[in-house]
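Q: The file below is protein.txt, compact mmCIF, C-alpha atoms:
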# COMPACT_ATOMS: atom_id res chain seq x y z
CA MET A 289 98.20 99.30 79.84
CA ASN A 290 96.66 102.79 79.83
CA SER A 291 99.61 105.04 80.68
CA GLY A 292 97.47 107.48 82.71
CA ALA A 293 96.17 104.70 84.95
CA GLU A 294 99.62 103.16 85.23
CA LYS A 295 101.16 106.49 86.24
CA ARG A 296 98.46 107.09 88.83
CA LEU A 297 98.95 103.63 90.42
CA MET A 298 102.70 104.21 90.51
CA LEU A 299 102.28 107.61 92.21
CA VAL A 300 99.89 106.15 94.79
CA TRP A 301 102.32 103.33 95.56
CA LEU A 302 105.24 105.75 95.89
CA ALA A 303 103.23 108.06 98.16
CA LEU A 304 102.17 105.16 100.42
CA SER A 305 105.75 103.87 100.59
CA ALA A 306 107.08 107.35 101.41
CA ILE A 307 104.56 107.75 104.25
CA THR A 308 105.57 104.31 105.57
CA LEU A 309 109.24 105.27 105.62
CA ALA A 310 108.34 108.51 107.39
CA GLN A 311 106.59 106.43 110.07
CA LEU A 312 110.00 105.05 111.06
CA GLY A 313 110.58 108.27 112.96
CA ILE A 314 107.18 108.89 114.54
CA GLY A 315 107.56 106.84 117.72
CA SER A 316 111.14 107.73 118.60
CA VAL A 317 110.97 111.39 117.53
CA GLY A 318 107.65 111.82 119.31
CA ALA A 319 108.98 110.37 122.55
CA GLN A 320 112.23 112.37 122.35
CA ALA A 321 110.32 115.58 121.67
CA GLY A 322 108.31 114.95 124.83
CA LEU A 323 105.00 114.51 123.03
CA ALA A 324 102.16 113.14 125.15
CA PRO A 325 101.43 109.42 124.58
CA ALA A 326 97.94 110.43 123.40
CA ALA A 327 99.50 112.65 120.71
CA ILE A 328 101.84 109.86 119.57
CA ALA A 329 98.92 107.40 119.49
CA ALA A 330 96.70 109.86 117.60
CA SER A 331 99.36 110.59 114.97
CA ALA A 332 100.18 106.88 114.44
CA ILE A 333 96.47 106.01 114.09
CA GLY A 334 95.69 109.08 111.96
CA ILE A 335 98.50 108.43 109.46
CA ALA A 336 97.57 104.73 109.23
CA LEU A 337 93.93 105.59 108.50
CA ILE A 338 94.97 108.08 105.81
CA LYS A 339 97.00 105.27 104.17
CA VAL A 340 94.07 102.86 104.48
CA ARG A 341 91.71 105.35 102.85
CA ILE A 342 94.17 105.90 99.98
CA ILE A 343 94.36 102.12 99.43
CA ILE A 344 90.56 101.82 99.46
CA ARG A 345 89.97 104.81 97.17
CA GLU A 346 92.79 104.26 94.70
CA PHE A 347 93.92 100.61 94.63
CA MET A 348 90.47 99.19 95.41
CA GLU A 349 88.89 101.73 92.99
CA VAL A 350 86.22 102.89 95.41
CA ARG A 351 86.54 106.38 93.93
CA HIS A 352 84.72 104.96 90.89
CA ALA A 353 82.19 103.05 93.00
CA PRO A 354 78.57 103.97 93.72
CA VAL A 355 78.13 106.60 96.43
CA LEU A 356 76.81 104.01 98.92
CA LEU A 357 80.07 102.03 98.84
CA CYS A 358 82.12 105.25 99.15
CA ARG A 359 80.08 106.29 102.20
CA LEU A 360 80.22 102.84 103.83
CA THR A 361 83.99 102.56 103.51
CA ASP A 362 84.44 106.13 104.76
CA LEU A 363 82.14 105.34 107.68
CA TRP A 364 84.31 102.35 108.59
CA VAL A 365 87.49 104.47 108.46
CA VAL A 366 85.96 107.19 110.68
CA LEU A 367 84.45 104.65 113.08
CA THR A 368 87.80 102.86 113.40
CA GLY A 369 89.50 106.16 114.20
CA VAL A 370 86.88 107.03 116.84
CA MET A 371 87.01 103.54 118.40
CA LEU A 372 90.82 103.51 118.57
CA LEU A 373 91.15 106.98 120.05
CA GLY A 374 88.23 106.28 122.40
CA GLY A 375 89.83 102.98 123.43
CA HIS A 376 93.12 104.75 124.13
CA LEU A 377 91.44 107.46 126.24
CA ALA A 378 89.31 104.92 128.13
CA GLY A 379 92.38 102.79 128.86
CA THR A 380 94.28 105.84 130.09
CA ALA A 381 91.39 106.71 132.39
CA PHE A 382 91.41 103.23 133.96
CA PRO A 383 95.09 102.27 134.41
CA LYS A 384 95.96 98.79 135.66
CA ARG A 385 96.97 98.80 139.31
CA MET B 114 86.46 93.07 78.19
CA ASN B 115 87.23 96.70 77.46
CA GLY B 116 87.91 99.49 79.94
CA ARG B 117 84.98 101.33 81.45
CA PRO B 118 84.44 105.01 80.72
CA GLU B 119 85.71 107.23 83.57
CA ALA B 120 82.25 108.63 84.36
CA VAL B 121 80.57 105.23 84.86
CA ARG B 122 80.33 104.22 88.50
CA PHE B 123 80.76 100.51 89.21
CA VAL B 124 81.32 98.16 92.12
CA PRO B 125 84.81 96.64 91.68
CA GLY B 126 84.25 92.87 91.90
CA GLN B 127 81.30 91.08 93.43
CA PRO B 128 79.17 93.00 95.97
CA ASP B 129 79.30 89.94 98.27
CA MET B 130 83.05 90.41 98.61
CA TRP B 131 82.48 94.02 99.68
CA ALA B 132 80.03 92.85 102.34
CA PHE B 133 82.76 90.47 103.54
CA VAL B 134 85.41 93.24 103.46
CA LEU B 135 83.22 95.52 105.59
CA PHE B 136 82.42 92.67 108.00
CA GLU B 137 86.13 91.84 108.35
CA GLY B 138 86.87 95.53 108.79
CA PHE B 139 84.47 95.79 111.74
CA VAL B 140 85.78 92.56 113.32
CA PHE B 141 89.38 93.82 113.13
CA THR B 142 88.30 97.22 114.48
CA ALA B 143 87.03 95.37 117.57
CA TYR B 144 90.38 93.53 117.95
CA PHE B 145 92.33 96.78 117.49
CA THR B 146 90.17 98.62 120.05
CA ALA B 147 90.78 95.87 122.62
CA TYR B 148 94.53 96.17 121.96
CA VAL B 149 94.62 99.98 122.24
CA PHE B 150 92.54 99.87 125.45
CA SER B 151 94.84 97.28 127.07
CA ARG B 152 97.93 99.16 125.91
CA ALA B 153 96.73 102.44 127.42
CA ARG B 154 96.01 100.66 130.73
CA SER B 155 99.60 99.40 131.10
CA PRO B 156 101.80 101.54 128.81
CA GLY B 157 105.03 100.64 130.63
CA LEU B 158 104.62 96.90 130.14
CA PHE B 159 103.67 97.30 126.47
CA LEU B 160 106.58 99.67 125.76
CA GLN B 161 109.03 97.26 127.34
CA SER B 162 107.63 94.30 125.43
CA GLN B 163 107.46 96.24 122.13
CA ALA B 164 111.24 96.55 122.33
CA HIS B 165 111.33 92.92 121.11
CA LEU B 166 110.00 94.08 117.73
CA ASP B 167 112.28 95.59 115.13
CA LEU B 168 110.53 98.58 113.55
CA ARG B 169 112.64 98.13 110.40
CA VAL B 170 111.21 94.64 109.87
CA GLY B 171 107.71 96.09 110.23
CA VAL B 172 108.53 98.79 107.66
CA PHE B 173 109.97 96.19 105.28
CA ASN B 174 106.86 94.01 105.58
CA THR B 175 104.60 97.01 104.99
CA LEU B 176 106.56 98.12 101.91
CA VAL B 177 106.35 94.57 100.49
CA LEU B 178 102.58 94.36 101.01
CA LEU B 179 102.07 97.85 99.53
CA ALA B 180 104.04 96.70 96.47
CA SER B 181 101.78 93.64 96.25
CA SER B 182 98.69 95.86 96.31
CA TRP B 183 100.19 97.98 93.56
CA SER B 184 100.91 94.96 91.36
CA VAL B 185 97.46 93.42 91.88
CA ALA B 186 95.89 96.79 90.99
CA ARG B 187 97.98 96.73 87.79
CA CYS B 188 96.76 93.17 87.18
CA VAL B 189 93.12 94.33 87.33
CA GLN B 190 93.82 97.30 85.07
CA ALA B 191 95.66 95.19 82.48
CA ALA B 192 92.93 92.51 82.47
CA ARG B 193 90.27 95.20 82.00
CA GLU B 194 92.10 96.40 78.90
CA GLY B 195 92.47 92.87 77.53
CA GLY B 196 96.18 92.55 78.36
CA TYR B 197 95.90 89.08 79.88
CA ARG B 198 99.60 88.30 79.64
CA ALA B 199 100.51 91.48 81.52
CA ALA B 200 97.71 90.80 84.00
CA THR B 201 99.01 87.27 84.66
CA ARG B 202 102.55 88.60 85.07
CA ASN B 203 101.31 91.09 87.66
CA ALA B 204 99.33 88.40 89.47
CA PHE B 205 102.51 86.31 89.76
CA LEU B 206 104.42 89.39 90.89
CA THR B 207 101.80 89.89 93.59
CA MET B 208 102.26 86.26 94.69
CA SER B 209 106.02 86.86 94.90
CA PHE B 210 105.57 89.91 97.11
CA GLY B 211 103.10 87.94 99.24
CA PHE B 212 105.62 85.13 99.55
CA GLY B 213 108.30 87.66 100.56
CA PHE B 214 106.01 88.91 103.34
CA LEU B 215 105.26 85.33 104.42
CA VAL B 216 108.94 84.41 104.71
CA SER B 217 109.79 87.64 106.52
CA LYS B 218 106.93 87.15 109.00
CA LEU B 219 107.87 83.51 109.69
CA ARG B 220 111.49 84.56 110.25
CA GLU B 221 110.39 87.30 112.64
CA TRP B 222 108.31 84.82 114.65
CA VAL B 223 111.15 82.28 114.83
CA VAL B 224 113.66 84.90 116.02
CA ALA B 225 111.19 86.26 118.58
CA ILE B 226 110.38 82.79 119.98
CA GLU B 227 114.11 81.97 120.20
CA HIS B 228 114.46 85.06 122.40
CA GLY B 229 111.69 83.85 124.70
CA PHE B 230 109.09 86.21 123.25
CA THR B 231 106.32 83.60 123.09
CA PHE B 232 102.53 83.89 122.95
CA THR B 233 102.26 83.65 126.73
CA ALA B 234 105.26 85.86 127.58
CA ASP B 235 103.07 88.87 128.43
CA GLU B 236 99.93 90.75 127.40
CA PHE B 237 101.60 92.51 124.46
CA SER B 238 103.04 89.29 123.05
CA SER B 239 99.59 87.64 123.19
CA PHE B 240 98.14 90.52 121.16
CA TYR B 241 101.13 90.45 118.80
CA TYR B 242 100.80 86.75 117.96
CA PHE B 243 97.01 86.90 117.82
CA LEU B 244 96.86 89.89 115.44
CA THR B 245 99.75 88.84 113.21
CA GLY B 246 98.60 85.19 113.28
CA ILE B 247 95.05 85.94 112.18
CA HIS B 248 96.41 88.27 109.51
CA PHE B 249 98.74 85.50 108.36
CA LEU B 250 95.75 83.18 107.93
CA HIS B 251 94.09 85.82 105.73
CA LEU B 252 97.30 86.02 103.72
CA LEU B 253 97.25 82.26 103.09
CA ILE B 254 93.67 82.53 101.84
CA GLY B 255 94.86 85.44 99.68
CA PHE B 256 97.16 83.06 97.79
CA VAL B 257 94.12 80.94 96.95
CA ALA B 258 92.34 84.07 95.70
CA LEU B 259 95.34 84.95 93.51
CA ALA B 260 95.44 81.40 92.14
CA VAL B 261 91.76 81.77 91.18
CA ALA B 262 92.58 85.06 89.41
CA VAL B 263 95.48 83.43 87.52
CA HIS B 264 93.24 80.52 86.54
CA GLN B 265 90.71 83.00 85.14
CA LEU B 266 93.38 84.93 83.23
CA ARG B 267 95.00 81.83 81.72
CA SER B 268 91.79 79.98 80.94
CA PRO B 269 91.09 79.61 77.21
CA ALA B 270 87.40 80.29 77.94
CA PRO B 271 86.25 83.94 78.15
CA HIS B 272 87.47 85.16 81.52
CA SER B 273 85.43 86.92 84.15
CA GLN B 274 86.74 90.40 84.94
CA GLU B 275 84.44 90.44 87.96
CA ILE B 276 86.20 87.42 89.50
CA VAL B 277 89.63 88.97 88.92
CA GLU B 278 88.45 92.19 90.62
CA THR B 279 86.91 90.20 93.50
CA CYS B 280 90.20 88.38 94.14
CA ALA B 281 92.11 91.68 93.98
CA THR B 282 89.67 93.27 96.45
CA TYR B 283 90.38 90.46 98.92
CA TRP B 284 94.15 90.93 98.49
CA HIS B 285 93.91 94.69 99.10
CA THR B 286 92.01 93.95 102.31
CA ILE B 287 95.01 91.96 103.57
CA ASP B 288 97.14 94.99 102.77
CA PHE B 289 95.08 97.67 104.52
CA LEU B 290 94.53 95.49 107.61
CA TRP B 291 98.31 95.08 107.84
CA VAL B 292 98.78 98.87 107.54
CA LEU B 293 96.75 99.22 110.75
CA ILE B 294 98.49 96.30 112.50
CA PHE B 295 101.86 97.84 111.62
CA ALA B 296 100.84 101.23 113.07
CA LEU B 297 99.51 99.73 116.30
CA LEU B 298 102.18 97.11 117.04
CA TYR B 299 105.33 98.71 115.61
CA VAL B 300 104.87 102.48 115.29
CA MET B 301 102.81 103.40 118.36
CA ARG B 302 105.44 103.38 121.10
Written as structure tokens, that's how I'd like the structure from this file.

A:
Amino acid sequence: MNSGAEKRLMLVWLALSAITLAQLGIGSVGAQAGLAPAAIAASAIGIALIKVRIIIREFMEVRHAPVLLCRLTDLWVVLTGVMLLGGHLAGTAFPKR
Amino acid sequence: MNGRPEAVRFVPGQPDMWAFVLFEGFVFTAYFTAYVFSRARSPGLFLQSQAHLDLRVGVFNTLVLLASSWSVARCVQAAREGGYRAATRNAFLTMSFGFGFLVSKLREWVVAIEHGFTFTADEFSSFYYFLTGIHFLHLLIGFVALAVAVHQLRSPAPHSQEIVETCATYWHTIDFLWVLIFALLYVMR
């Protein structure tokens, strides 16, 4: 196997695994540090979407794909981020009695 | 089939699979939005119920699926360069990681149900079983996709790189959907 490609895949996998391990602390550290729930939600969603984009670009090889596919996948990532943060804010605005 | 030059842009796998991936992506985005909205409406209930989940199990499952994505990407790369033996080995490695996830998830469900954390226990548990259950179904289909890839790689007839890439694309989708499920159910507390 092409050693350059192999090395790149290995680095991507290690980076994704390292971010995942770092996520172990986000919830508890965030709550202990007195971060607002919106900030904890935004960081959890933001980090997850960064990981998703790395998987799509690197493992799924979208970085070599035609521009249309790159744009469509990026659009989905951005839309998901907007929908999740919007959903969180809307839910906060209308708490259950 | 030989490797493609770096500068050539190509759609990995069949375009139909990409249409399916985007469709699935939007469907899951709708599920995730419903979850986040409900969670923000009753944060206390969700926090209390989330205590049933062990974050370490979630991290383990995520690491296993990330490893499976890595090995299936290696499978595609090896097949592209004509290394069918290495590609097959990586496809089997991917299946093993997938099986590890499957066993871990089943174990997590059994332990949770034994502790009374059932589908109808509360709103969070309903979302938990729905999201992880539908993902689990996708995982099972993923094994079929991997079997198709292995069949292509081991077939004496000229194999189709496009089919191998299509199967890998489906498997990666299982991985990135789990990355989001993990963040929403386990990390966001």

Q: Distance atom CA of B:Ile294-atom CA of B:Thr245, one decimal place?

A: 7.6 Å

Q: So that I can see what lies close to A:Val350, please list as a list in words the residues with an atom at most 10 Å from it, counting only C-alpha atoms and leaving out residues fewer than 4 positions away in the same chain.

A: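 Once the adjacent positions are removed, what remains is Arg341, Ile342, Ile343, Ile344, Arg345, Glu346, Pro354, Val355, Leu357, Cys358, Arg359 and Thr361 of chain A; Arg122, Phe123, Val124 and Pro125 of chain B.
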
Q: Report the closest atom pair, with its distance in Å rounded to one decimal, for each residue of chain A that has an atom no farther than 7 Å from chain B; count all atoms listed in the file, sort by chain and then rising residue number, and write it as a Markdown table.

A:
| residue | atom | partner | partner_atom | distance |
| --- | --- | --- | --- | --- |
| A:Met289 | CA | B:Ala191 | CA | 5.5 |
| A:Leu297 | CA | B:Trp183 | CA | 6.6 |
| A:Trp301 | CA | B:Trp183 | CA | 6.1 |
| A:Ser305 | CA | B:Leu176 | CA | 6.0 |
| A:Thr308 | CA | B:Val172 | CA | 6.6 |
| A:Leu309 | CA | B:Val172 | CA | 6.8 |
| A:Gln311 | CA | B:Val300 | CA | 6.8 |
| A:Leu312 | CA | B:Leu168 | CA | 7.0 |
| A:Ile314 | CA | B:Val300 | CA | 6.9 |
| A:Gly315 | CA | B:Arg302 | CA | 5.3 |
| A:Ile328 | CA | B:Met301 | CA | 6.6 |
| A:Ala329 | CA | B:Met301 | CA | 5.7 |
| A:Ala332 | CA | B:Ala296 | CA | 5.9 |
| A:Ile333 | CA | B:Ala296 | CA | 6.6 |
| A:Ala336 | CA | B:Leu293 | CA | 5.8 |
| A:Val340 | CA | B:Phe289 | CA | 5.3 |
| A:Ile343 | CA | B:Phe289 | CA | 6.8 |
| A:Phe347 | CA | B:Ala186 | CA | 5.6 |
| A:Met348 | CA | B:Thr282 | CA | 6.1 |
| A:Glu349 | CA | B:Pro125 | CA | 6.7 |
| A:His352 | CA | B:Arg122 | CA | 5.1 |
| A:Ala353 | CA | B:Phe123 | CA | 4.8 |
| A:Pro354 | CA | B:Arg122 | CA | 5.5 |
| A:Thr368 | CA | B:Thr142 | CA | 5.8 |
| A:Met371 | CA | B:Thr146 | CA | 6.1 |
| A:Leu372 | CA | B:Thr146 | CA | 5.2 |
| A:Gly375 | CA | B:Phe150 | CA | 4.6 |
| A:His376 | CA | B:Phe150 | CA | 5.1 |
| A:Ala378 | CA | B:Phe150 | CA | 6.6 |
| A:Gly379 | CA | B:Phe150 | CA | 4.5 |
| A:Thr380 | CA | B:Ala153 | CA | 5.0 |
| A:Phe382 | CA | B:Arg154 | CA | 6.2 |
| A:Pro383 | CA | B:Arg154 | CA | 4.1 |
| A:Lys384 | CA | B:Arg154 | CA | 5.3 |

Q: Just the number, please: distance in Å from atom CA of B:Gly246 to atom CA of B:Phe232, one decimal.

A: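 It comes out at 10.5 Å.
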
Q: Draw an axis-aligned box over all listed atoms of stretch 255-272 of chain B, pad each side with 6 Å, and write its centre and edge lengths in Å, one decimal, as lines of an AutoDock Vina configuration file.

A:
center_x = 91.7
center_y = 82.5
center_z = 88.4
size_x = 22.9
size_y = 17.8
size_z = 34.5

Q: One decimal, Å: what's the distance from atom CA of B:Phe243 over to atom CA of B:Gly213, could you say?

A: 20.6 Å

Q: Kindly indicate which residue among A:Pro325, A:Lys295, A:Ala303, A:Leu360 lies nearest to B:Gly157, using only C-alpha atoms for the distances.

A: A:Pro325

Q: Excluding stretch 258-270 of chain B and residues on its chain fewer than 2 positions from it, collect all residues at most 7 Å away from it, counting only C-alpha atoms, and give them as JSON, numbers by chain.

A: {"B": [197, 201, 204, 254, 255, 256, 272, 273, 276, 277, 280]}

Q: Which one is closest to B:Ala225: B:Leu158, B:Val170, B:Leu206, B:His165? Count only C-alpha atoms.

A: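 So, comparing all the options, the nearest one is B:His165.
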
Q: Kindly output stretch 196-226 of chain B as a compact mmCIF listing (two decimals), in the frame of the given file, after building N, CA and C atoms.

A:
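File part.txt, as written:
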# COMPACT_ATOMS: atom_id res chain seq x y z
N GLY B 196 94.77 92.97 78.32
CA GLY B 196 96.18 92.55 78.36
C GLY B 196 96.36 91.40 79.33
N TYR B 197 95.91 90.21 78.94
CA TYR B 197 95.90 89.08 79.88
C TYR B 197 97.29 88.59 80.26
N ARG B 198 98.22 88.72 79.32
CA ARG B 198 99.60 88.30 79.64
C ARG B 198 100.18 89.20 80.73
N ALA B 199 100.01 90.52 80.52
CA ALA B 199 100.51 91.48 81.52
C ALA B 199 99.79 91.28 82.85
N ALA B 200 98.50 91.00 82.77
CA ALA B 200 97.71 90.80 84.00
C ALA B 200 98.23 89.57 84.76
N THR B 201 98.50 88.49 84.02
CA THR B 201 99.01 87.27 84.66
C THR B 201 100.38 87.53 85.29
N ARG B 202 101.22 88.26 84.54
CA ARG B 202 102.55 88.60 85.07
C ARG B 202 102.42 89.35 86.40
N ASN B 203 101.50 90.30 86.43
CA ASN B 203 101.31 91.09 87.66
C ASN B 203 100.72 90.26 88.79
N ALA B 204 99.89 89.29 88.42
CA ALA B 204 99.33 88.40 89.47
C ALA B 204 100.46 87.56 90.09
N PHE B 205 101.37 87.08 89.24
CA PHE B 205 102.51 86.31 89.76
C PHE B 205 103.45 87.20 90.59
N LEU B 206 103.60 88.44 90.13
CA LEU B 206 104.42 89.39 90.89
C LEU B 206 103.82 89.61 92.28
N THR B 207 102.50 89.71 92.31
CA THR B 207 101.80 89.89 93.59
C THR B 207 102.06 88.69 94.50
N MET B 208 101.98 87.48 93.90
CA MET B 208 102.26 86.26 94.69
C MET B 208 103.69 86.31 95.26
N SER B 209 104.62 86.79 94.44
CA SER B 209 106.02 86.86 94.90
C SER B 209 106.16 87.80 96.09
N PHE B 210 105.52 88.96 95.98
CA PHE B 210 105.57 89.91 97.11
C PHE B 210 104.92 89.28 98.35
N GLY B 211 103.79 88.60 98.13
CA GLY B 211 103.10 87.94 99.24
C GLY B 211 103.99 86.90 99.88
N PHE B 212 104.71 86.16 99.05
CA PHE B 212 105.62 85.13 99.55
C PHE B 212 106.76 85.78 100.34
N GLY B 213 107.24 86.92 99.84
CA GLY B 213 108.30 87.66 100.56
C GLY B 213 107.82 88.06 101.95
N PHE B 214 106.58 88.52 102.04
CA PHE B 214 106.01 88.91 103.34
C PHE B 214 105.92 87.68 104.25
N LEU B 215 105.44 86.58 103.66
CA LEU B 215 105.26 85.33 104.42
C LEU B 215 106.58 84.86 105.04
N VAL B 216 107.62 84.86 104.23
CA VAL B 216 108.94 84.41 104.71
C VAL B 216 109.45 85.34 105.80
N SER B 217 109.31 86.65 105.55
CA SER B 217 109.79 87.64 106.52
C SER B 217 109.05 87.50 107.85
N LYS B 218 107.73 87.27 107.77
CA LYS B 218 106.93 87.15 109.00
C LYS B 218 107.32 85.88 109.76
N LEU B 219 107.49 84.77 109.03
CA LEU B 219 107.87 83.51 109.69
C LEU B 219 109.22 83.67 110.39
N ARG B 220 110.14 84.34 109.69
CA ARG B 220 111.49 84.56 110.25
C ARG B 220 111.40 85.41 111.53
N GLU B 221 110.56 86.44 111.47
CA GLU B 221 110.39 87.30 112.64
C GLU B 221 109.84 86.50 113.83
N TRP B 222 108.87 85.65 113.58
CA TRP B 222 108.31 84.82 114.65
C TRP B 222 109.37 83.89 115.24
N VAL B 223 110.13 83.23 114.36
CA VAL B 223 111.15 82.28 114.83
C VAL B 223 112.17 82.99 115.72
N VAL B 224 112.66 84.15 115.24
CA VAL B 224 113.66 84.90 116.02
C VAL B 224 113.07 85.32 117.37
N ALA B 225 111.83 85.80 117.34
CA ALA B 225 111.19 86.26 118.58
C ALA B 225 111.03 85.10 119.57
N ILE B 226 110.59 83.95 119.09
CA ILE B 226 110.38 82.79 119.98
C ILE B 226 111.72 82.32 120.56
